[in-house]
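Engineer: Quick one: this structure, given as structure tokens, is what I'll be asking you about.
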Amino acid sequence: MTTFKKPNAAEETRLVLTIDTINQFRKISDEFPIGCMTAFLALMQRPDLGITGSELVDVTGMEYHKAMRSLKRLTIHAGKELKAFDLVSERQDVANVKALRFFLNDKGHALARSVMKDMRRGIKTEAGI
């Protein structure tokens with residue numbers, strides 16, 4: 001089973017969430033939920049490993065059902081009453097067949113590149129560069 005390791009201060013890369021970054025999500029939907037944004041940002045940190053609902057709970061402190069709902073909304077399978085964003089694909093976790101593991105799809109990778117660009121620009125702005 002792959003576990004999510006929280007970075008220590010020396011390993012952590014500092015990124016700045018700016019209005020420009022939030023607007024990247026608003027291009028997807030004017031009402032892009034904060035839970036989905038949180039899930040997407042967590043997934044961006046580990047695009048090759050993906051993330052399960054339990055791992056998302058560990059890194060964000062979200063309640064499990066909210067974490068799963070947020071991850072599901074990022075796929076194309078959000079359910080009847082929820083808007084799906086098609087940024088993430090889901091697969092059965094190889095280490096735990098009862099769990100789903102979520103990965104960025106092509107559309108999600110494109111958004112992640114845009115978001116990272118804005119977040120890095122936020123660092124330069126904050127530093128006065």
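By convention here, the chains of the structure tokens are called A, B, ... in the order presented, each chain's residues are numbered starting at 1, and ligands are numbered starting at 1 in the order presented.
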Could you pull out the alpha helix (DSSP H) residues of chain A from DSSP and send them as a PyMOL selection string?

Structural biologist: chain A and resi 19-28+34-44+53-60+64-74+106-127

Engineer: Can you pull out the residues contacting Ser54 (chain A)? Cut-off 12 Å, using only C-alpha atoms, and skip same-chain residues under 5 positions away; I want them as a list in words.

Structural biologist: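 Final neighbour list, sorted by chain and number: Met1, Thr2, Thr3, Phe4, Ala39, Val59, Thr60, Gly61, Met62, Glu63, Tyr64, His65, Lys66, Ala67, Met68, Leu71, Asp93, Asn96, Lys98, Ala99, Leu100, Arg101 and Phe102 of chain A.
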
Engineer: Next, the residues of the selection above should be written as a PDB file, in the first residue's frame with C-alpha atoms.

Structural biologist:
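Done, and the output landed in result_29.pdb:
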ATOM      1  CA  MET A   1       0.000   0.000   0.000  1.00  0.00           C
ATOM      2  CA  THR A   2       1.266   3.439  -0.893  1.00  0.00           C
ATOM      3  CA  THR A   3       1.132   5.834   2.015  1.00  0.00           C
ATOM      4  CA  PHE A   4       1.134   9.566   1.716  1.00  0.00           C
ATOM      5  CA  ALA A  39      -8.730  17.499  -3.446  1.00  0.00           C
ATOM      6  CA  VAL A  59      -3.446  15.213   4.311  1.00  0.00           C
ATOM      7  CA  THR A  60      -6.408  17.595   4.489  1.00  0.00           C
ATOM      8  CA  GLY A  61      -8.390  16.655   7.569  1.00  0.00           C
ATOM      9  CA  MET A  62     -11.581  16.455   5.487  1.00  0.00           C
ATOM     10  CA  GLU A  63     -14.269  14.059   6.615  1.00  0.00           C
ATOM     11  CA  TYR A  64     -14.123  10.814   4.613  1.00  0.00           C
ATOM     12  CA  HIS A  65     -17.526  11.188   2.933  1.00  0.00           C
ATOM     13  CA  LYS A  66     -16.679  14.780   1.893  1.00  0.00           C
ATOM     14  CA  ALA A  67     -13.285  13.686   0.582  1.00  0.00           C
ATOM     15  CA  MET A  68     -14.870  10.932  -1.517  1.00  0.00           C
ATOM     16  CA  LEU A  71     -12.892  13.173  -5.590  1.00  0.00           C
ATOM     17  CA  ASP A  93      -6.271   0.432  -5.929  1.00  0.00           C
ATOM     18  CA  ASN A  96      -6.535  -2.543  -1.526  1.00  0.00           C
ATOM     19  CA  LYS A  98     -11.914  -2.182  -1.866  1.00  0.00           C
ATOM     20  CA  ALA A  99     -10.417   1.281  -2.430  1.00  0.00           C
ATOM     21  CA  LEU A 100     -10.432   3.573  -5.431  1.00  0.00           C
ATOM     22  CA  ARG A 101      -7.319   5.487  -6.427  1.00  0.00           C
ATOM     23  CA  PHE A 102      -7.743   8.760  -8.311  1.00  0.00           C
TER      24      PHE A 102
END

Engineer: Residues at most 12 Å from Asp48 (chain A), counting only C-alpha atoms, excluding those fewer than 3 positions away in the same chain, as a short mmCIF file (atom, residue, chain, number, x, y, z; two decimals) with N, CA and C atoms, in the first residue's frame?

Structural biologist:
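Heads up, here's the output in out.cif:
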data_model
loop_
_atom_site.label_atom_id
_atom_site.label_comp_id
_atom_site.auth_asym_id
_atom_site.auth_seq_id
_atom_site.Cartn_x
_atom_site.Cartn_y
_atom_site.Cartn_z
N THR A 2 0.54 2.19 -0.83
CA THR A 2 1.27 3.44 -0.89
C THR A 2 0.71 4.37 0.17
N LEU A 43 -3.99 16.20 -4.99
CA LEU A 43 -3.65 15.24 -6.05
C LEU A 43 -2.51 15.76 -6.92
N MET A 44 -2.45 17.07 -7.11
CA MET A 44 -1.35 17.66 -7.89
C MET A 44 0.01 17.35 -7.27
N GLN A 45 0.05 17.17 -5.98
CA GLN A 45 1.31 16.91 -5.28
C GLN A 45 1.85 15.51 -5.53
N ILE A 51 -4.24 9.29 -5.48
CA ILE A 51 -4.63 9.45 -4.08
C ILE A 51 -5.94 8.71 -3.84
N ARG A 101 -8.45 4.56 -6.36
CA ARG A 101 -7.32 5.49 -6.43
C ARG A 101 -7.61 6.45 -7.58
N PHE A 102 -7.42 7.72 -7.34
CA PHE A 102 -7.74 8.76 -8.31
C PHE A 102 -6.46 9.36 -8.89
N PHE A 103 -6.48 9.59 -10.22
CA PHE A 103 -5.34 10.13 -10.95
C PHE A 103 -5.79 11.27 -11.84
N LEU A 104 -4.91 12.23 -12.07
CA LEU A 104 -5.23 13.28 -13.04
C LEU A 104 -5.36 12.67 -14.42
N ASN A 105 -6.37 13.09 -15.18
CA ASN A 105 -6.46 12.69 -16.58
C ASN A 105 -5.82 13.81 -17.42
N HIS A 109 -4.27 17.22 -15.98
CA HIS A 109 -2.85 17.60 -16.11
C HIS A 109 -2.72 19.00 -16.70
#

Engineer: What gap, in Å, lies between CA of Met119 (chain A) and CA of Ile19 (chain A)?

Structural biologist: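 Separation of CA of Met119 (chain A) and CA of Ile19 (chain A): 9.7 Å.
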
Engineer: Considering only C-alpha atoms, can you say which of A:Arg113, A:Thr75, A:Asp106, A:Phe85 comes closest to Lys27 (chain A)?

Structural biologist: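 For Lys27 (chain A), the nearest of the given residues is A:Phe85.
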
Engineer: With distances taken over only C-alpha atoms, which residue among A:Thr21, A:Asp86, A:Ile28, A:Lys72 lies nearest Leu41 (chain A)?

Structural biologist: A:Thr21

Engineer: How many Å lie between CA of Met116 (chain A) and CA of Gln24 (chain A), rounded to one decimal?

Structural biologist: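 CA of Gln24 (chain A) lies 10.2 Å from CA of Met116 (chain A).
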
Engineer: Which of these residues is nearest to Lys117 (chain A), using only C-alpha atoms: A:Ala42, A:Glu31, A:Ala95, A:Asp20?

Structural biologist: A:Asp20

Engineer: Could you jot down the CA of Glu55 (chain A) to CA of Arg121 (chain A) separation for me, Å, one decimal place?

Structural biologist: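 It comes out at 28.4 Å.
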
Engineer: Which of these residues is nearest to Leu87 (chain A), using only C-alpha atoms: A:Val115, A:Phe40, A:Pro33, A:Thr52?

Structural biologist: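 Among the listed residues, A:Phe40 lies closest to Leu87 (chain A).
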
Engineer: As a list in words, please: every residue in chain A that a backbone DSSP assignment puts in strand (DSSP E or B).

Structural biologist: Ile51, Val88, Ser89, Glu90, Arg91, Gln92, Leu100, Arg101, Phe102, Phe103 and Leu104 of chain A

Engineer: Pick the closest to Lys107 (chain A) from A:Val88, A:Arg69, A:Ser29, A:Val57: which is it, counting only C-alpha atoms?

Structural biologist: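 The closest residue to Lys107 (chain A) is A:Val88.
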